[in-house]
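Everything below concerns the one structure shown next.
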Amino acid sequence: TVRSIRLGGCVLFEVKPHVRIPRTYKRFSVQLLQKLNITAVGKREKLLRVIKNPVTNYFPVNSRKIGFSYSSDKLVKMRKYVDAVGDDVNLVFVVGAMAHGKIEVDYIDDFIAISGYPLSAAMCIARITEALADKWSILYAVVTGSNRGGFEICKQLSTKGMTVVLTARDETNGVEAVGKLKQFGFSETVVFHRLDVTEPASVSSLADFVKTQFGRLDILVNNAGIGGVTADEDALRGGVLGKNISNEWAKAVLGDAENLTEDKVDQVLRIFMNDFKEDSSEAKGWPTLLATYSISKAAMNGYARVLAKKYPSFQINCVCPGSVKTDINYNTGLLPVEEGAESAVRLVLLPNNGPSGHFFVRMAQSEF
């Protein structure tokens, strides 16, 4: 990626694909101009570096240079436009002047507009990436908690040719995880973005990033979780299935797939939390072994059913990968991470007309 800053002239700098430029990059660029490059903290990798003009030196051979301009009379649909270009032609997009004016350069082959209204540069880039992703059948995936338990899921999805957003609460750990995947040759298909699923602002930031960078999201693997140590696979499996919930009312509510709603799932959780606080959960039939874990998993699986009904065009499923050796159980599980990841990846690869609103135990469909 090549960007330019106009400071009396035009300064070009190259940006690594996984780097997100801050909104204050004009002020941020002062440091770049002083040092001519910016490296990752504690690493030698150059994230940004100033490069020599002219920009045409960096265009690939046999390329078509396409300028975006709000003032262009040629209004196009991006998907049809890129489809009309031969596969043997490299595309160079020059984005600017999307609110007013025109890009004043002499190397543009075609000026186009993609909207009758002013657009931000970020929106233009999102339209480009979405059109190219459709043309090349590229899928975009987000894996939460992927610097640890979800790391293997990211790795396996990358081998399928998907673009994967690896997320983690700690930025240093996340960048380090991406570095490990680079060793396997996935540097172009894996990017990092910080995510703490307990922080709404962090979730919104990730959503904005995906919308800006890719224009859409095809796959979401909700892997992140908070918990303690356990080595009891039967208890884990029972908790996920809800069969160890001895409170008959809760079992009936969560098991009624046809009439289950988000409010009813919330009601189960509220009543459990109230009984738990009053130290009456055991007397009222709630589980005593891994109580909060069991109830939260059962509620999550019930909520998946609700979402599957609400969004019939999506495929929304749950999977219990078994007792996998991960940090959340201090590696006391029974299965290697490779086998655990295969269960989630298998669901990701289901055909578009595949099952939705179902629960899987490893590779097999099961009852909730």
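Here's how to read the names in the structure tokens: chain A, B, ... by the order shown, residue numbers from 1 in each chain, ligand numbers from 1 in the order shown.
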Would you mind listing what lies within 12 Å of range 183-195 of chain A as a short mmCIF file (atom, residue, chain, number, x, y, z; two decimals) with N, CA and C atoms, in the first residue's frame, with only C-alpha atoms counted and same-chain residues fewer than 6 positions away left out?
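Wrote result-v3.cif, looks like this:
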data_model
loop_
_atom_site.label_atom_id
_atom_site.label_comp_id
_atom_site.auth_asym_id
_atom_site.auth_seq_id
_atom_site.Cartn_x
_atom_site.Cartn_y
_atom_site.Cartn_z
N LYS A 16 2.81 -1.27 5.58
CA LYS A 16 2.62 -2.72 5.65
C LYS A 16 1.12 -3.03 5.67
N PRO A 17 0.70 -4.12 5.02
CA PRO A 17 -0.74 -4.41 4.90
C PRO A 17 -1.48 -4.50 6.23
N HIS A 18 -0.81 -4.96 7.31
CA HIS A 18 -1.52 -5.16 8.57
C HIS A 18 -1.53 -3.92 9.46
N VAL A 19 -0.97 -2.79 8.96
CA VAL A 19 -0.89 -1.58 9.77
C VAL A 19 -2.11 -0.70 9.52
N ARG A 20 -2.71 -0.21 10.59
CA ARG A 20 -3.85 0.71 10.47
C ARG A 20 -3.36 2.12 10.77
N ILE A 138 -13.08 -14.37 -2.29
CA ILE A 138 -12.34 -14.27 -1.04
C ILE A 138 -13.33 -14.19 0.12
N LEU A 139 -13.05 -14.92 1.18
CA LEU A 139 -13.87 -14.87 2.39
C LEU A 139 -13.11 -14.17 3.51
N TYR A 140 -13.84 -13.38 4.29
CA TYR A 140 -13.24 -12.66 5.41
C TYR A 140 -13.76 -13.24 6.73
N ALA A 141 -12.85 -13.54 7.63
CA ALA A 141 -13.21 -14.17 8.90
C ALA A 141 -12.61 -13.40 10.07
N VAL A 142 -13.35 -13.37 11.17
CA VAL A 142 -12.85 -12.84 12.45
C VAL A 142 -12.89 -13.97 13.46
N VAL A 143 -11.79 -14.16 14.17
CA VAL A 143 -11.73 -15.17 15.24
C VAL A 143 -11.42 -14.44 16.54
N THR A 144 -12.30 -14.51 17.51
CA THR A 144 -12.06 -13.84 18.79
C THR A 144 -11.19 -14.73 19.68
N GLY A 145 -10.42 -14.08 20.54
CA GLY A 145 -9.53 -14.83 21.43
C GLY A 145 -8.55 -15.69 20.67
N SER A 146 -7.97 -15.14 19.61
CA SER A 146 -7.21 -15.99 18.69
C SER A 146 -5.71 -15.98 18.88
N ASN A 147 -5.22 -15.30 19.91
CA ASN A 147 -3.78 -15.42 20.15
C ASN A 147 -3.47 -16.64 21.01
N PHE A 151 -5.83 -19.58 18.12
CA PHE A 151 -4.69 -19.46 17.21
C PHE A 151 -4.72 -20.54 16.14
N GLU A 152 -4.99 -21.77 16.55
CA GLU A 152 -5.02 -22.88 15.60
C GLU A 152 -6.18 -22.73 14.62
N ILE A 153 -7.31 -22.16 15.07
CA ILE A 153 -8.43 -21.91 14.16
C ILE A 153 -8.00 -20.93 13.08
N CYS A 154 -7.31 -19.85 13.48
CA CYS A 154 -6.80 -18.88 12.50
C CYS A 154 -5.89 -19.56 11.49
N LYS A 155 -5.01 -20.39 11.99
CA LYS A 155 -4.06 -21.08 11.12
C LYS A 155 -4.78 -21.96 10.11
N GLN A 156 -5.76 -22.73 10.57
CA GLN A 156 -6.46 -23.64 9.66
C GLN A 156 -7.34 -22.88 8.67
N LEU A 157 -7.96 -21.78 9.09
CA LEU A 157 -8.75 -20.98 8.15
C LEU A 157 -7.85 -20.36 7.09
N SER A 158 -6.66 -19.96 7.49
CA SER A 158 -5.72 -19.36 6.53
C SER A 158 -5.31 -20.35 5.46
N THR A 159 -5.18 -21.61 5.83
CA THR A 159 -4.81 -22.63 4.84
C THR A 159 -5.91 -22.82 3.80
N LYS A 160 -7.13 -22.35 4.11
CA LYS A 160 -8.24 -22.44 3.16
C LYS A 160 -8.31 -21.22 2.25
N GLY A 161 -7.34 -20.32 2.37
CA GLY A 161 -7.30 -19.15 1.50
C GLY A 161 -8.12 -17.97 1.98
N MET A 162 -8.60 -18.02 3.22
CA MET A 162 -9.40 -16.92 3.75
C MET A 162 -8.51 -15.81 4.30
N THR A 163 -9.05 -14.60 4.31
CA THR A 163 -8.41 -13.50 5.01
C THR A 163 -8.94 -13.49 6.44
N VAL A 164 -8.05 -13.62 7.41
CA VAL A 164 -8.45 -13.81 8.80
C VAL A 164 -8.00 -12.63 9.65
N VAL A 165 -8.93 -12.09 10.44
CA VAL A 165 -8.59 -11.07 11.43
C VAL A 165 -8.36 -11.77 12.76
N LEU A 166 -7.11 -11.81 13.18
CA LEU A 166 -6.73 -12.41 14.46
C LEU A 166 -6.90 -11.35 15.54
N THR A 167 -7.62 -11.66 16.59
CA THR A 167 -7.89 -10.66 17.63
C THR A 167 -7.37 -11.14 18.98
N ALA A 168 -7.05 -10.18 19.83
CA ALA A 168 -6.59 -10.47 21.18
C ALA A 168 -6.77 -9.22 22.03
N ARG A 169 -6.90 -9.40 23.34
CA ARG A 169 -7.02 -8.24 24.23
C ARG A 169 -5.71 -7.48 24.31
N ASP A 170 -4.61 -8.20 24.35
CA ASP A 170 -3.29 -7.59 24.48
C ASP A 170 -2.66 -7.44 23.10
N GLU A 171 -2.37 -6.20 22.72
CA GLU A 171 -1.85 -5.95 21.38
C GLU A 171 -0.50 -6.62 21.14
N THR A 172 0.36 -6.61 22.14
CA THR A 172 1.67 -7.24 21.99
C THR A 172 1.54 -8.73 21.70
N ASN A 173 0.66 -9.40 22.45
CA ASN A 173 0.45 -10.83 22.23
C ASN A 173 -0.17 -11.10 20.86
N GLY A 174 -1.07 -10.22 20.43
CA GLY A 174 -1.70 -10.40 19.13
C GLY A 174 -0.72 -10.25 17.99
N VAL A 175 0.10 -9.21 18.05
CA VAL A 175 1.11 -9.00 17.00
C VAL A 175 2.10 -10.16 16.99
N GLU A 176 2.44 -10.66 18.16
CA GLU A 176 3.35 -11.80 18.25
C GLU A 176 2.73 -13.05 17.61
N ALA A 177 1.43 -13.24 17.80
CA ALA A 177 0.74 -14.38 17.20
C ALA A 177 0.74 -14.28 15.68
N ALA A 201 -16.73 -0.52 23.42
CA ALA A 201 -15.96 0.36 22.54
C ALA A 201 -14.97 -0.44 21.71
N SER A 202 -14.40 -1.48 22.29
CA SER A 202 -13.45 -2.33 21.56
C SER A 202 -14.16 -3.11 20.47
N VAL A 203 -15.36 -3.60 20.78
CA VAL A 203 -16.15 -4.34 19.78
C VAL A 203 -16.52 -3.42 18.62
N SER A 204 -16.94 -2.19 18.93
CA SER A 204 -17.30 -1.23 17.88
C SER A 204 -16.10 -0.88 17.01
N SER A 205 -14.94 -0.76 17.63
CA SER A 205 -13.72 -0.46 16.88
C SER A 205 -13.41 -1.56 15.88
N LEU A 206 -13.56 -2.81 16.30
CA LEU A 206 -13.32 -3.92 15.38
C LEU A 206 -14.33 -3.91 14.24
N ALA A 207 -15.60 -3.65 14.56
CA ALA A 207 -16.63 -3.61 13.51
C ALA A 207 -16.32 -2.52 12.49
N ASP A 208 -15.88 -1.36 12.96
CA ASP A 208 -15.52 -0.27 12.04
C ASP A 208 -14.33 -0.67 11.17
N PHE A 209 -13.37 -1.35 11.77
CA PHE A 209 -12.18 -1.80 11.02
C PHE A 209 -12.58 -2.75 9.90
N VAL A 210 -13.41 -3.73 10.21
CA VAL A 210 -13.83 -4.71 9.20
C VAL A 210 -14.61 -4.03 8.09
N GLN A 213 -12.03 -1.86 6.02
CA GLN A 213 -11.00 -2.59 5.30
C GLN A 213 -11.56 -3.57 4.28
N PHE A 214 -12.69 -4.23 4.61
CA PHE A 214 -13.18 -5.31 3.76
C PHE A 214 -14.58 -5.08 3.20
N ASN A 222 -16.82 -17.08 17.43
CA ASN A 222 -16.81 -16.55 18.80
C ASN A 222 -16.09 -17.54 19.70
N ASN A 223 -14.80 -17.37 19.81
CA ASN A 223 -13.97 -18.30 20.56
C ASN A 223 -13.58 -17.77 21.93
N ALA A 224 -13.54 -16.45 22.09
CA ALA A 224 -13.06 -15.86 23.34
C ALA A 224 -13.97 -16.23 24.51
#
Considering only C-alpha atoms, can you say which of A:Thr129, A:Ser280, A:Asn90, A:Thr39 comes closest to Pro60 in chain A?
A:Asn90
Just the residues within 9 Å of Ala308 in chain A, please, counting only C-alpha atoms, with nothing from its chain fewer than 6 positions along; format it as a PyMOL selection string.
chain A and resi 314-317+356-358
Serialized selection, C-alpha atoms, as an mmCIF file, in the first residue's frame:
data_model
loop_
_atom_site.group_PDB
_atom_site.id
_atom_site.type_symbol
_atom_site.label_atom_id
_atom_site.label_comp_id
_atom_site.auth_asym_id
_atom_site.auth_seq_id
_atom_site.Cartn_x
_atom_site.Cartn_y
_atom_site.Cartn_z
ATOM 1 C CA PHE A 314 -27.119 -16.679 8.200
ATOM 2 C CA GLN A 315 -25.746 -19.994 9.407
ATOM 3 C CA ILE A 316 -25.451 -19.835 13.198
ATOM 4 C CA ASN A 317 -24.307 -22.952 15.028
ATOM 5 C CA SER A 356 -28.336 -23.523 11.207
ATOM 6 C CA GLY A 357 -29.423 -23.244 14.818
ATOM 7 C CA HIS A 358 -27.857 -26.579 15.710
#
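Nearest residue to Lys74 in chain A, choosing from A:Val178, A:Val319, A:Leu335, A:Ile112 and counting only C-alpha atoms: A:Ile112.
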Could you pull out all residues of range 147-360 of chain A with a DSSP call of strand (DSSP E or B) and give them as a VMD selection string?
chain A and resid 163 to 168 190 to 194 219 to 221 318 to 320 324 335 359 to 360
Just-selected residues, N, CA and C atoms written as an mmCIF file, in the first residue's frame:
data_model
loop_
_atom_site.group_PDB
_atom_site.id
_atom_site.type_symbol
_atom_site.label_atom_id
_atom_site.label_comp_id
_atom_site.auth_asym_id
_atom_site.auth_seq_id
_atom_site.Cartn_x
_atom_site.Cartn_y
_atom_site.Cartn_z
ATOM 1 N N THR A 163 -9.054 -14.600 4.313
ATOM 2 C CA THR A 163 -8.405 -13.500 5.012
ATOM 3 C C THR A 163 -8.942 -13.493 6.437
ATOM 4 N N VAL A 164 -8.054 -13.619 7.410
ATOM 5 C CA VAL A 164 -8.452 -13.812 8.804
ATOM 6 C C VAL A 164 -8.001 -12.629 9.653
ATOM 7 N N VAL A 165 -8.932 -12.092 10.444
ATOM 8 C CA VAL A 165 -8.591 -11.065 11.426
ATOM 9 C C VAL A 165 -8.360 -11.768 12.759
ATOM 10 N N LEU A 166 -7.108 -11.812 13.177
ATOM 11 C CA LEU A 166 -6.727 -12.412 14.456
ATOM 12 C C LEU A 166 -6.898 -11.351 15.536
ATOM 13 N N THR A 167 -7.621 -11.660 16.589
ATOM 14 C CA THR A 167 -7.890 -10.665 17.630
ATOM 15 C C THR A 167 -7.368 -11.142 18.977
ATOM 16 N N ALA A 168 -7.049 -10.179 19.827
ATOM 17 C CA ALA A 168 -6.588 -10.465 21.184
ATOM 18 C C ALA A 168 -6.772 -9.219 22.031
ATOM 19 N N VAL A 190 -3.424 -12.934 7.085
ATOM 20 C CA VAL A 190 -3.786 -12.740 8.487
ATOM 21 C C VAL A 190 -3.424 -11.326 8.917
ATOM 22 N N VAL A 191 -4.382 -10.630 9.525
ATOM 23 C CA VAL A 191 -4.130 -9.294 10.068
ATOM 24 C C VAL A 191 -4.566 -9.286 11.530
ATOM 25 N N PHE A 192 -4.029 -8.355 12.289
ATOM 26 C CA PHE A 192 -4.372 -8.273 13.713
ATOM 27 C C PHE A 192 -5.204 -7.034 14.006
ATOM 28 N N HIS A 193 -6.143 -7.196 14.929
ATOM 29 C CA HIS A 193 -6.851 -6.053 15.493
ATOM 30 C C HIS A 193 -7.171 -6.365 16.946
ATOM 31 N N ARG A 194 -6.942 -5.389 17.808
ATOM 32 C CA ARG A 194 -7.223 -5.602 19.225
ATOM 33 C C ARG A 194 -8.725 -5.759 19.450
ATOM 34 N N ILE A 219 -17.456 -14.620 8.046
ATOM 35 C CA ILE A 219 -17.361 -15.652 9.086
ATOM 36 C C ILE A 219 -16.977 -15.016 10.415
ATOM 37 N N LEU A 220 -17.690 -15.382 11.470
ATOM 38 C CA LEU A 220 -17.339 -14.957 12.824
ATOM 39 C C LEU A 220 -17.259 -16.192 13.705
ATOM 40 N N VAL A 221 -16.086 -16.418 14.290
ATOM 41 C CA VAL A 221 -15.897 -17.527 15.232
ATOM 42 C C VAL A 221 -15.773 -16.927 16.626
ATOM 43 N N CYS A 318 -23.490 -23.833 17.113
ATOM 44 C CA CYS A 318 -22.598 -23.957 18.268
ATOM 45 C C CYS A 318 -21.845 -25.275 18.174
ATOM 46 N N VAL A 319 -20.655 -25.298 18.729
ATOM 47 C CA VAL A 319 -19.871 -26.532 18.717
ATOM 48 C C VAL A 319 -19.141 -26.690 20.036
ATOM 49 N N CYS A 320 -19.163 -27.899 20.563
ATOM 50 C CA CYS A 320 -18.330 -28.269 21.702
ATOM 51 C C CYS A 320 -17.153 -29.053 21.134
ATOM 52 N N VAL A 324 -10.255 -29.533 25.249
ATOM 53 C CA VAL A 324 -9.037 -29.227 24.492
ATOM 54 C C VAL A 324 -7.988 -28.612 25.417
ATOM 55 N N LEU A 335 -7.597 -33.254 24.484
ATOM 56 C CA LEU A 335 -7.365 -33.216 23.042
ATOM 57 C C LEU A 335 -6.346 -32.148 22.679
ATOM 58 N N PHE A 359 -26.508 -27.685 17.352
ATOM 59 C CA PHE A 359 -25.390 -27.880 18.270
ATOM 60 C C PHE A 359 -24.595 -29.105 17.830
ATOM 61 N N PHE A 360 -23.280 -28.972 17.823
ATOM 62 C CA PHE A 360 -22.396 -30.060 17.414
ATOM 63 C C PHE A 360 -21.446 -30.409 18.557
#
Can you tell me, as a PyMOL selection string, what residues are no more than 7 Å from Phe93 in chain A when counting only C-alpha atoms, ignoring any on the same chain fewer than 2 positions away?
chain A and resi 65-67+91+95
Could you write those residues out with C-alpha atoms, as a PDB file, in the first residue's frame?
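Contents of selection_37.pdb, freshly written:
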ATOM      1  CA  LYS A  65      -4.770   3.158 -13.404  1.00  0.00           C
ATOM      2  CA  ILE A  66      -8.259   4.021 -12.169  1.00  0.00           C
ATOM      3  CA  GLY A  67      -8.975   7.367 -10.548  1.00  0.00           C
ATOM      4  CA  LEU A  91      -5.509  -2.720 -11.221  1.00  0.00           C
ATOM      5  CA  VAL A  95      -8.554   7.431  -4.372  1.00  0.00           C
TER       6      VAL A  95
END
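For the pair CA of Tyr330 in chain A and CA of Ala291 in chain A, the interatomic distance is 19.2 Å.
Shortest separation to Asp87 in chain A among A:Val50, A:Phe59, A:Trp136, A:Phe68 occurs at residue A:Trp136, atoms counted being only C-alpha atoms.
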So which residues touch Val55 in chain A within 12 Å, counting only C-alpha atoms, skipping near sequence neighbours fewer than 2 positions away, as a PyMOL selection string?
chain A and resi 1-4+10-14+50-53+57-60+65+92+94+105-107
